[in-house]
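Here is the structure we will look at.
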Amino acid sequence: MACCTTQRRLALTAAAPAFDVAVIGLGAMGAATLYQLARRGVRAIGVDRFTPPHSFGSSHGETRITRQAIGEGAAYVPLVLRSHAIWDELEAATGTRLIERCGFLAIAAPEARAEMHGTPGFVAATIATAQQFGIVHEVPGATETARRFPQFALRGDETCYYEPGGGYVIPESCIAAQLHEARRLGAALQLDTSVHAIVPDGAGVRIETSAGNFHAARAVVAAGAWVGDFAGAALRPRFQVYRQLLHWLPVTAPERFAPGAAPVFIWSYGADAEDQLYGFPPLPGAALLKCATEYYRATVDPDSDWRSIGAGESAAFHARHVEGRINGVTATGALSQACIYTVTPDSRFVIDDLADTPVTLVSACSGHGFKHSAAIGEAVARQLSGAPSLLAGGDFGAGRFTTP
């Protein structure tokens, strides 16, 4: 849809809704929701304060792990399996590479806290989930794992899980592909536009923005780190924003990271919550290993200068997490980048209607949402269209935080 048409629609202030659904925020969840609404012929508009895909939130950094047996809980498994199917469909439709099934390896030392996104015993829970859902996997011994993947310096007493169907998705490409398809199917996009308020007004809601006001029958808020601005006083404190650092380390032993030789991985090795390391094989044409851990010690303001990276942060990361564990990479990082996670107290999502309003929250990915986002967008679009969806169980309701 041409930009001038979008701007004309934004100028409408009549009580009758100009759109069926307005999607606020076009990162992982928002882009998926807008695309799926457009597929169903819904009159939809997507609004974002930046121009997605961008590096000002949570949905950037080249790669995101995807795995089929979700140790965080069985409710996630249908979502990730459906997401894989949607990525495949989008790849075929757009000719854009979105998902790489290079395998997923989980490692846990006996003394490891092994907690992942609020779930203790992550590797054991992953194995149990794979068995429950019949997901193809292996549980190789540590010696066998070290033989197959010599880039990992295992001691020999670790528990290992390998899933050939796991791998990574490319977040920027996934978002761009869904927004392109959404626009092609008739959705409007209003970018570089801040939403100031969502106000119940007559037949729907009035969206007040920096580019003017418009009406929609419903709003979907997928604003990531800014979701608290729209969640209401009771829910707002439940959304905490944490800065995360990503590091790309030069590879000195490329044969260990060649295609087919290196899976994505999550490695738990100590009693502290930050004693974990995750990473990705180099992208085609690059000789850089991307790896990171997760930090939850201090919150940040999403409007602050959290993207700045201090001298020595990469070296400190390597010394604590990489040295002695990953063979074939250098200590000096070629690149570091920051992103932010929006996290709930139980590290689960919030996908629910705000009480007594035509507003649906689809946010708080809690550090593990991208792998599920394609299916969540579809499920939200189905629910808003009155169709059954994978969210029917109500596993991500906001009431768990607001009920005494």
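Just remember, in the structure tokens the first chain shown is A, the second B, etc., residues are 1-based per chain, and ligands are 1-based in the order shown.
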Set out as a tab-separated table a contact list for region 116-229 of chain A and region 251-268 of chain A with a cut-off of 10 Å, giving each residue of region 116-229 of chain A that qualifies its closest atom pair and distance in Å to one decimal, counting only C-alpha atoms, ordered by chain and rising residue number.
```
residue	atom	partner	partner_atom	distance
A:Met116	CA	A:Ser268	CA	9.0
A:Gly121	CA	A:Ser268	CA	10.0
A:Phe122	CA	A:Ser268	CA	8.9
A:Val123	CA	A:Ser268	CA	8.9
A:Arg148	CA	A:Ala261	CA	8.0
A:Phe149	CA	A:Ala262	CA	6.9
A:Pro150	CA	A:Arg256	CA	6.8
A:Gln151	CA	A:Arg256	CA	5.9
A:Phe152	CA	A:Arg256	CA	9.6
A:Glu158	CA	A:Ser268	CA	9.4
A:Thr159	CA	A:Ser268	CA	9.9
A:Cys160	CA	A:Trp267	CA	9.2
A:Tyr161	CA	A:Phe265	CA	9.8
A:Tyr162	CA	A:Pro263	CA	8.9
A:Glu163	CA	A:Pro263	CA	9.2
A:Pro164	CA	A:Pro263	CA	8.5
A:Gly166	CA	A:Val264	CA	7.9
A:Gly167	CA	A:Val264	CA	5.8
A:Tyr168	CA	A:Val264	CA	7.2
```
Please write the residues from the selection above to a file, keeping N, CA and C atoms, as a PDB file, in the first residue's frame.
```
ATOM      1  N   MET A 116      16.681 -22.640  32.751  1.00  0.00           N
ATOM      2  CA  MET A 116      16.525 -21.895  31.505  1.00  0.00           C
ATOM      3  C   MET A 116      15.151 -21.246  31.483  1.00  0.00           C
ATOM      4  N   GLY A 121      16.405 -27.736  35.766  1.00  0.00           N
ATOM      5  CA  GLY A 121      16.648 -29.023  35.118  1.00  0.00           C
ATOM      6  C   GLY A 121      16.377 -28.983  33.629  1.00  0.00           C
ATOM      7  N   PHE A 122      16.888 -27.956  32.947  1.00  0.00           N
ATOM      8  CA  PHE A 122      16.530 -27.689  31.555  1.00  0.00           C
ATOM      9  C   PHE A 122      16.824 -28.870  30.633  1.00  0.00           C
ATOM     10  N   VAL A 123      18.011 -29.465  30.723  1.00  0.00           N
ATOM     11  CA  VAL A 123      18.361 -30.541  29.790  1.00  0.00           C
ATOM     12  C   VAL A 123      17.498 -31.769  30.050  1.00  0.00           C
ATOM     13  N   ARG A 148      32.267 -36.102  18.282  1.00  0.00           N
ATOM     14  CA  ARG A 148      31.528 -35.584  17.139  1.00  0.00           C
ATOM     15  C   ARG A 148      31.682 -34.071  16.981  1.00  0.00           C
ATOM     16  N   PHE A 149      31.802 -33.385  18.107  1.00  0.00           N
ATOM     17  CA  PHE A 149      31.876 -31.919  18.085  1.00  0.00           C
ATOM     18  C   PHE A 149      33.095 -31.469  18.888  1.00  0.00           C
ATOM     19  N   PRO A 150      34.292 -31.584  18.305  1.00  0.00           N
ATOM     20  CA  PRO A 150      35.519 -31.290  19.063  1.00  0.00           C
ATOM     21  C   PRO A 150      35.700 -29.817  19.404  1.00  0.00           C
ATOM     22  N   GLN A 151      34.833 -28.948  18.921  1.00  0.00           N
ATOM     23  CA  GLN A 151      34.920 -27.550  19.328  1.00  0.00           C
ATOM     24  C   GLN A 151      34.518 -27.345  20.787  1.00  0.00           C
ATOM     25  N   PHE A 152      33.856 -28.337  21.397  1.00  0.00           N
ATOM     26  CA  PHE A 152      33.439 -28.240  22.791  1.00  0.00           C
ATOM     27  C   PHE A 152      34.400 -29.029  23.674  1.00  0.00           C
ATOM     28  N   GLU A 158      29.315 -34.679  31.560  1.00  0.00           N
ATOM     29  CA  GLU A 158      28.146 -33.863  31.243  1.00  0.00           C
ATOM     30  C   GLU A 158      26.989 -34.716  30.688  1.00  0.00           C
ATOM     31  N   THR A 159      25.786 -34.223  30.867  1.00  0.00           N
ATOM     32  CA  THR A 159      24.609 -34.780  30.202  1.00  0.00           C
ATOM     33  C   THR A 159      24.393 -34.007  28.910  1.00  0.00           C
ATOM     34  N   CYS A 160      24.169 -34.717  27.816  1.00  0.00           N
ATOM     35  CA  CYS A 160      24.040 -34.072  26.505  1.00  0.00           C
ATOM     36  C   CYS A 160      22.749 -34.496  25.814  1.00  0.00           C
ATOM     37  N   TYR A 161      22.219 -33.596  25.048  1.00  0.00           N
ATOM     38  CA  TYR A 161      21.009 -33.832  24.249  1.00  0.00           C
ATOM     39  C   TYR A 161      21.263 -33.256  22.866  1.00  0.00           C
ATOM     40  N   TYR A 162      20.972 -34.039  21.825  1.00  0.00           N
ATOM     41  CA  TYR A 162      21.155 -33.551  20.458  1.00  0.00           C
ATOM     42  C   TYR A 162      19.871 -33.738  19.675  1.00  0.00           C
ATOM     43  N   GLU A 163      19.456 -32.660  18.985  1.00  0.00           N
ATOM     44  CA  GLU A 163      18.219 -32.652  18.210  1.00  0.00           C
ATOM     45  C   GLU A 163      18.535 -32.210  16.787  1.00  0.00           C
ATOM     46  N   PRO A 164      18.507 -33.111  15.822  1.00  0.00           N
ATOM     47  CA  PRO A 164      18.871 -32.735  14.452  1.00  0.00           C
ATOM     48  C   PRO A 164      17.926 -31.729  13.819  1.00  0.00           C
ATOM     49  N   GLY A 166      16.665 -29.093  15.239  1.00  0.00           N
ATOM     50  CA  GLY A 166      16.852 -27.755  15.770  1.00  0.00           C
ATOM     51  C   GLY A 166      17.798 -26.944  14.905  1.00  0.00           C
ATOM     52  N   GLY A 167      17.991 -25.695  15.252  1.00  0.00           N
ATOM     53  CA  GLY A 167      18.901 -24.848  14.483  1.00  0.00           C
ATOM     54  C   GLY A 167      18.677 -23.397  14.824  1.00  0.00           C
ATOM     55  N   TYR A 168      18.569 -22.556  13.798  1.00  0.00           N
ATOM     56  CA  TYR A 168      18.345 -21.140  14.058  1.00  0.00           C
ATOM     57  C   TYR A 168      17.461 -20.527  12.981  1.00  0.00           C
TER      58      TYR A 168
END
```
Inset, instruction - Please provide the set of residues having any atom within 7 Å of region 222-229 of chain A, restricted to only C-alpha atoms, with same-chain residues fewer than 2 positions apart removed, written as an MDAnalysis selection string. - result: chainID A and resid 23:25 29:30 57 220 231 236 239 241 302 342 361:364
Atoms kept (N, CA and C atoms) for selection, written as a PDB file, in the first residue's frame:
```
ATOM      1  N   VAL A  23      -1.965  -3.125  14.923  1.00  0.00           N
ATOM      2  CA  VAL A  23      -0.895  -3.858  15.605  1.00  0.00           C
ATOM      3  C   VAL A  23       0.181  -2.846  15.985  1.00  0.00           C
ATOM      4  N   ILE A  24       0.440  -2.732  17.274  1.00  0.00           N
ATOM      5  CA  ILE A  24       1.396  -1.757  17.786  1.00  0.00           C
ATOM      6  C   ILE A  24       2.702  -2.489  18.102  1.00  0.00           C
ATOM      7  N   GLY A  25       3.741  -2.187  17.338  1.00  0.00           N
ATOM      8  CA  GLY A  25       5.027  -2.870  17.482  1.00  0.00           C
ATOM      9  C   GLY A  25       5.154  -3.952  16.435  1.00  0.00           C
ATOM     10  N   MET A  29       6.696 -10.680  17.355  1.00  0.00           N
ATOM     11  CA  MET A  29       5.278 -11.003  17.503  1.00  0.00           C
ATOM     12  C   MET A  29       4.400 -10.118  16.627  1.00  0.00           C
ATOM     13  N   GLY A  30       4.716  -8.832  16.571  1.00  0.00           N
ATOM     14  CA  GLY A  30       3.873  -7.914  15.812  1.00  0.00           C
ATOM     15  C   GLY A  30       3.904  -8.163  14.322  1.00  0.00           C
ATOM     16  N   GLY A  57      15.620  -3.006  19.799  1.00  0.00           N
ATOM     17  CA  GLY A  57      14.799  -3.796  20.705  1.00  0.00           C
ATOM     18  C   GLY A  57      15.361  -5.184  20.910  1.00  0.00           C
ATOM     19  N   VAL A 220      -3.789  -4.721  18.926  1.00  0.00           N
ATOM     20  CA  VAL A 220      -2.870  -5.739  19.430  1.00  0.00           C
ATOM     21  C   VAL A 220      -1.578  -5.021  19.799  1.00  0.00           C
ATOM     22  N   ALA A 231       0.059  -1.499  29.335  1.00  0.00           N
ATOM     23  CA  ALA A 231      -0.459  -2.668  30.045  1.00  0.00           C
ATOM     24  C   ALA A 231      -1.334  -2.332  31.234  1.00  0.00           C
ATOM     25  N   ARG A 236       1.979  -3.360  34.701  1.00  0.00           N
ATOM     26  CA  ARG A 236       3.221  -2.693  34.289  1.00  0.00           C
ATOM     27  C   ARG A 236       4.447  -3.165  35.073  1.00  0.00           C
ATOM     28  N   PHE A 239       6.603  -6.394  33.925  1.00  0.00           N
ATOM     29  CA  PHE A 239       7.445  -6.428  32.732  1.00  0.00           C
ATOM     30  C   PHE A 239       8.767  -5.723  33.044  1.00  0.00           C
ATOM     31  N   VAL A 241      12.828  -5.052  31.952  1.00  0.00           N
ATOM     32  CA  VAL A 241      13.672  -4.998  30.759  1.00  0.00           C
ATOM     33  C   VAL A 241      15.137  -5.168  31.171  1.00  0.00           C
ATOM     34  N   PRO A 302      14.300   1.152  28.463  1.00  0.00           N
ATOM     35  CA  PRO A 302      14.483   0.946  27.020  1.00  0.00           C
ATOM     36  C   PRO A 302      14.792   2.218  26.251  1.00  0.00           C
ATOM     37  N   THR A 342      12.463  -8.358  27.436  1.00  0.00           N
ATOM     38  CA  THR A 342      11.381  -7.979  28.338  1.00  0.00           C
ATOM     39  C   THR A 342      10.875  -9.257  28.989  1.00  0.00           C
ATOM     40  N   LEU A 361      -2.739  -7.923  24.557  1.00  0.00           N
ATOM     41  CA  LEU A 361      -1.296  -7.870  24.752  1.00  0.00           C
ATOM     42  C   LEU A 361      -0.670  -9.123  24.154  1.00  0.00           C
ATOM     43  N   VAL A 362       0.359  -8.938  23.364  1.00  0.00           N
ATOM     44  CA  VAL A 362       1.126 -10.064  22.803  1.00  0.00           C
ATOM     45  C   VAL A 362       2.584  -9.677  22.963  1.00  0.00           C
ATOM     46  N   SER A 363       3.112  -9.945  24.147  1.00  0.00           N
ATOM     47  CA  SER A 363       4.438  -9.406  24.397  1.00  0.00           C
ATOM     48  C   SER A 363       5.112 -10.151  25.530  1.00  0.00           C
ATOM     49  N   ALA A 364       6.195  -9.539  26.009  1.00  0.00           N
ATOM     50  CA  ALA A 364       7.030 -10.155  27.045  1.00  0.00           C
ATOM     51  C   ALA A 364       7.515 -11.526  26.592  1.00  0.00           C
TER      52      ALA A 364
END
```
Inset, instruction - From a DSSP pass on the backbone, collect the residues of region 35-197 of chain A flagged as helix (DSSP H, G or I) and hand them back as number ranges by chain. - result: A: 35-39, 74-94, 122-133, 142-148, 171-184
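For the choices A:Leu191, A:Ala219, A:Leu277, A:Ala69, the atom-to-atom distance to Gly204 (chain A) is smallest for A:Ala219 when using only C-alpha atoms.
Computed from the coordinates, the CA of Thr119 (chain A) to CA of Ser59 (chain A) distance equals 22.7 Å.
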Could you give me, as a JSON list (two decimals) with N, CA and C atoms, in the first residue's frame, the residues within 8 Å of Leu335 (chain A), counting only C-alpha atoms and dropping anything in the same chain fewer than 6 positions from it?
```json
[["chain", "number", "residue", "atom", "x", "y", "z"],
["A", 247, "HIS", "N", 28.18, -11.51, 21.26],
["A", 247, "HIS", "CA", 29.58, -11.39, 20.85],
["A", 247, "HIS", "C", 29.86, -12.29, 19.66],
["A", 248, "TRP", "N", 30.64, -11.78, 18.72],
["A", 248, "TRP", "CA", 31.08, -12.56, 17.58],
["A", 248, "TRP", "C", 32.60, -12.73, 17.69],
["A", 249, "LEU", "N", 33.06, -13.98, 17.83],
["A", 249, "LEU", "CA", 34.47, -14.28, 18.05],
["A", 249, "LEU", "C", 35.08, -14.88, 16.78]]
```
Legend entry - Selected residue, from A:Ile340, A:Pro52, A:Leu390, A:Thr66, that lies nearest to Asp303 (chain A) when counting only C-alpha atoms: A:Ile340
